[in-house]
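Here's the structure we're looking at; comments come further down.
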Amino acid sequence: LDFFQIIPQRSALQIAANCCQTLPASCASQVAPAIHLLTDRLNSTDKKSLDSVCMCFARLTENFMPDPALLEMLAEHGLLTRVQQLLVITPSLINSSTFAAILNMMHRLCQYCPKLAVQLLENGIDSTLRYLLVGGEKVGTQQLELALRQPKELNAVLGLCVELLPPVPKTGIFGYLCQKPEAPKGATWTWRDDGSVFRPYSAADSQTIEAAFCASAEEVVIPIRGQTYFIEFAQMQQYNETTGNTRPVP
C-alpha cells in the first residue's frame, strides 16, 4: 500500500472493511496472512485509513467470536498494544464511532479469550481506562469528575471495565443481586428492516436481550459489528446511537 498515494490506500482499506463485515469464521485461514499487514496500518496517521483498519478488526472480532484461537490470531501481531495507544493519542486520530468500536472490540476479545484479557492487564489497561474516564486527574484528588465524552464512548469504556473486573460473589450480601430470572434458551428476538422483513438477532444476542427483558430492565446494549445498539423495551425498538436510526423490535 505504501507505494500508492493516500486516496487509493483509503479506498483499498475501505473495501477491506466492507469485506470483513460478512466474512465467516470459516475463511479465517485466508485472512490470517493479511493480519500483520492490517496491524501495521494502525501506525498510520491518516484518520480515514485508521477508521477503516479499526473497523476491519472490530468486524473480524464479531465474526470470529467465540473461538478463542481465532481471536488470538487477530491479536498476535500487537493489535492490543496499538489500539490501546490509539485511545489516548491527543489530538485523537479516530472519530467517536471508531473509538467506541475499538473498546467494544476489546470487550469482546476479553470476554471470549481470557489470555487476551491478561495481556491487556499486563499492558496497563487499568491506567488507560482511568485516563479515559477522568483524564489526567491525580490519584490523590478528593473529587474526580468524569471526562466529557459522548454516551456511547462512556458506555464502551465502562463495558470494558466491567469485563475486566472480577465477578461479584454469588453468596452473602451479593446473593440477592445475583438472583435474576433465567432467559428461555430458545428465545429468539428479531428486528424489522425497511422492507418489513423480520431479521433475527444472533443466538447469543437474543439470549442477552431476553435475560434483560425478563429482569424488567429498561434497555440493554448490544454491540454488533463495531456499532452500539440500544434495545429499548418501553418503545420496543432498536436504537443505533451512531446513526440515530430506530427499528421496531417485535
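Simple scheme: letters A, B, ... for chains in C-alpha cells order, numbers from 1 for residues in each chain, numbers from 1 for ligands in the order shown.
For region 71-88 of chain A, the non-local neighbours within 7 Å, defined as residues at least 3 positions apart in the same chain or in other chains and counting only C-alpha atoms, are A:Ile35, A:His36, A:Thr39, A:Leu42, A:Thr61, A:Phe64, A:Met65, A:Asp67, A:Pro68, A:Phe99, A:Leu109, A:Cys113, A:Leu120.
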Any chance you could export the current selection's all heavy atoms as a short mmCIF file (atom, residue, chain, number, x, y, z; two decimals), in the first residue's frame?
```cif
data_model
loop_
_atom_site.label_atom_id
_atom_site.label_comp_id
_atom_site.auth_asym_id
_atom_site.auth_seq_id
_atom_site.Cartn_x
_atom_site.Cartn_y
_atom_site.Cartn_z
N ILE A 35 -3.25 -10.31 8.44
CA ILE A 35 -3.44 -9.69 9.75
C ILE A 35 -2.26 -8.80 10.13
O ILE A 35 -2.44 -7.69 10.64
CB ILE A 35 -3.66 -10.77 10.83
CG1 ILE A 35 -4.98 -11.50 10.58
CG2 ILE A 35 -3.67 -10.14 12.23
CD1 ILE A 35 -6.20 -10.61 10.57
N HIS A 36 -1.04 -9.26 9.86
CA HIS A 36 0.12 -8.43 10.23
C HIS A 36 0.17 -7.16 9.39
O HIS A 36 0.62 -6.10 9.86
CB HIS A 36 1.42 -9.23 10.11
CG HIS A 36 1.91 -9.42 8.71
ND1 HIS A 36 1.38 -10.37 7.86
CD2 HIS A 36 2.88 -8.77 8.01
CE1 HIS A 36 2.00 -10.31 6.70
NE2 HIS A 36 2.91 -9.35 6.74
N THR A 39 -2.40 -4.84 10.92
CA THR A 39 -1.89 -4.32 12.19
C THR A 39 -0.87 -3.21 11.95
O THR A 39 -0.86 -2.20 12.65
CB THR A 39 -1.25 -5.45 13.02
OG1 THR A 39 -2.20 -6.51 13.19
CG2 THR A 39 -0.84 -4.93 14.40
N LEU A 42 -2.17 0.26 11.46
CA LEU A 42 -2.61 1.00 12.66
C LEU A 42 -1.59 2.06 13.06
O LEU A 42 -1.85 2.88 13.94
CB LEU A 42 -2.86 0.05 13.82
CG LEU A 42 -4.10 -0.85 13.69
CD1 LEU A 42 -4.12 -1.90 14.79
CD2 LEU A 42 -5.37 -0.02 13.72
N THR A 61 -13.57 -9.47 14.71
CA THR A 61 -13.80 -9.95 16.07
C THR A 61 -15.23 -10.44 16.23
O THR A 61 -15.47 -11.52 16.79
CB THR A 61 -13.51 -8.83 17.09
OG1 THR A 61 -12.14 -8.45 17.00
CG2 THR A 61 -13.80 -9.30 18.51
N PHE A 64 -15.52 -13.77 14.30
CA PHE A 64 -14.69 -14.90 14.75
C PHE A 64 -15.01 -15.37 16.16
O PHE A 64 -14.61 -16.44 16.55
CB PHE A 64 -13.21 -14.53 14.66
CG PHE A 64 -12.69 -14.45 13.24
CD1 PHE A 64 -11.37 -14.07 13.00
CD2 PHE A 64 -13.50 -14.74 12.16
CE1 PHE A 64 -10.88 -13.99 11.70
CE2 PHE A 64 -13.02 -14.66 10.86
CZ PHE A 64 -11.70 -14.29 10.63
N MET A 65 -15.66 -14.54 16.97
CA MET A 65 -16.02 -15.00 18.30
C MET A 65 -17.13 -16.05 18.18
O MET A 65 -17.90 -16.02 17.20
CB MET A 65 -16.46 -13.82 19.19
CG MET A 65 -17.74 -13.15 18.74
SD MET A 65 -18.12 -11.71 19.72
CE MET A 65 -19.85 -11.48 19.28
N ASP A 67 -14.64 -18.18 19.17
CA ASP A 67 -13.49 -19.06 19.05
C ASP A 67 -12.23 -18.36 19.58
O ASP A 67 -11.73 -17.43 18.94
CB ASP A 67 -13.28 -19.44 17.58
CG ASP A 67 -12.25 -20.54 17.40
OD1 ASP A 67 -11.26 -20.56 18.16
OD2 ASP A 67 -12.43 -21.37 16.50
N PRO A 68 -11.68 -18.76 20.74
CA PRO A 68 -10.53 -18.06 21.31
C PRO A 68 -9.28 -18.16 20.44
O PRO A 68 -8.46 -17.23 20.41
CB PRO A 68 -10.32 -18.74 22.66
CG PRO A 68 -10.99 -20.06 22.55
CD PRO A 68 -12.13 -19.87 21.60
N PHE A 99 -13.78 5.07 18.10
CA PHE A 99 -13.37 4.98 19.50
C PHE A 99 -14.22 3.95 20.23
O PHE A 99 -13.69 3.05 20.92
CB PHE A 99 -13.52 6.36 20.15
CG PHE A 99 -13.17 6.42 21.60
CD1 PHE A 99 -11.88 6.77 22.01
CD2 PHE A 99 -14.10 6.15 22.58
CE1 PHE A 99 -11.55 6.83 23.35
CE2 PHE A 99 -13.79 6.21 23.93
CZ PHE A 99 -12.51 6.56 24.31
N LEU A 109 -12.99 -9.34 22.89
CA LEU A 109 -11.77 -10.14 22.93
C LEU A 109 -11.52 -10.67 24.34
O LEU A 109 -11.15 -11.84 24.53
CB LEU A 109 -10.57 -9.31 22.46
CG LEU A 109 -10.54 -8.96 20.96
CD1 LEU A 109 -9.40 -7.99 20.67
CD2 LEU A 109 -10.41 -10.21 20.10
N CYS A 113 -11.76 -14.59 25.19
CA CYS A 113 -10.38 -15.10 25.21
C CYS A 113 -9.66 -14.56 26.45
O CYS A 113 -9.07 -13.47 26.39
CB CYS A 113 -9.64 -14.70 23.93
SG CYS A 113 -7.99 -15.44 23.79
N LEU A 120 -3.95 -7.58 28.25
CA LEU A 120 -4.34 -6.19 28.42
C LEU A 120 -3.97 -5.67 29.81
O LEU A 120 -3.48 -4.55 29.97
CB LEU A 120 -5.85 -6.03 28.20
CG LEU A 120 -6.33 -5.71 26.79
CD1 LEU A 120 -7.84 -5.63 26.75
CD2 LEU A 120 -5.72 -4.42 26.28
#
```
Practice task
Write out as a ChimeraX atom specification each polymer residue whose atoms come within 6 Å of region 191-208 of chain A, counting only C-alpha atoms; drop sequence neighbours fewer than 2 positions from it.
Solution key: /A:188-189,210-211,248-249
Handout entry: One-decimal distance in Å that lies between CA of Leu38 (chain A) and CA of Lys115 (chain A)
Key = 21.5 Å
Problem - Selection: 12 Å around region 121-135 of chain A, only C-alpha atoms, excl. self and same-chain fewer than 2 positions, as a PyMOL selection string - result: chain A and resi 78-90+99-100+103+106-107+110+114-119+137-139+141+143-151+153-165
Completion exercise
One residue among A:Glu62, A:Glu218, A:Glu241, A:Asp51 is nearest to Met105 (chain A) when using only C-alpha atoms, and that residue is A:Glu62
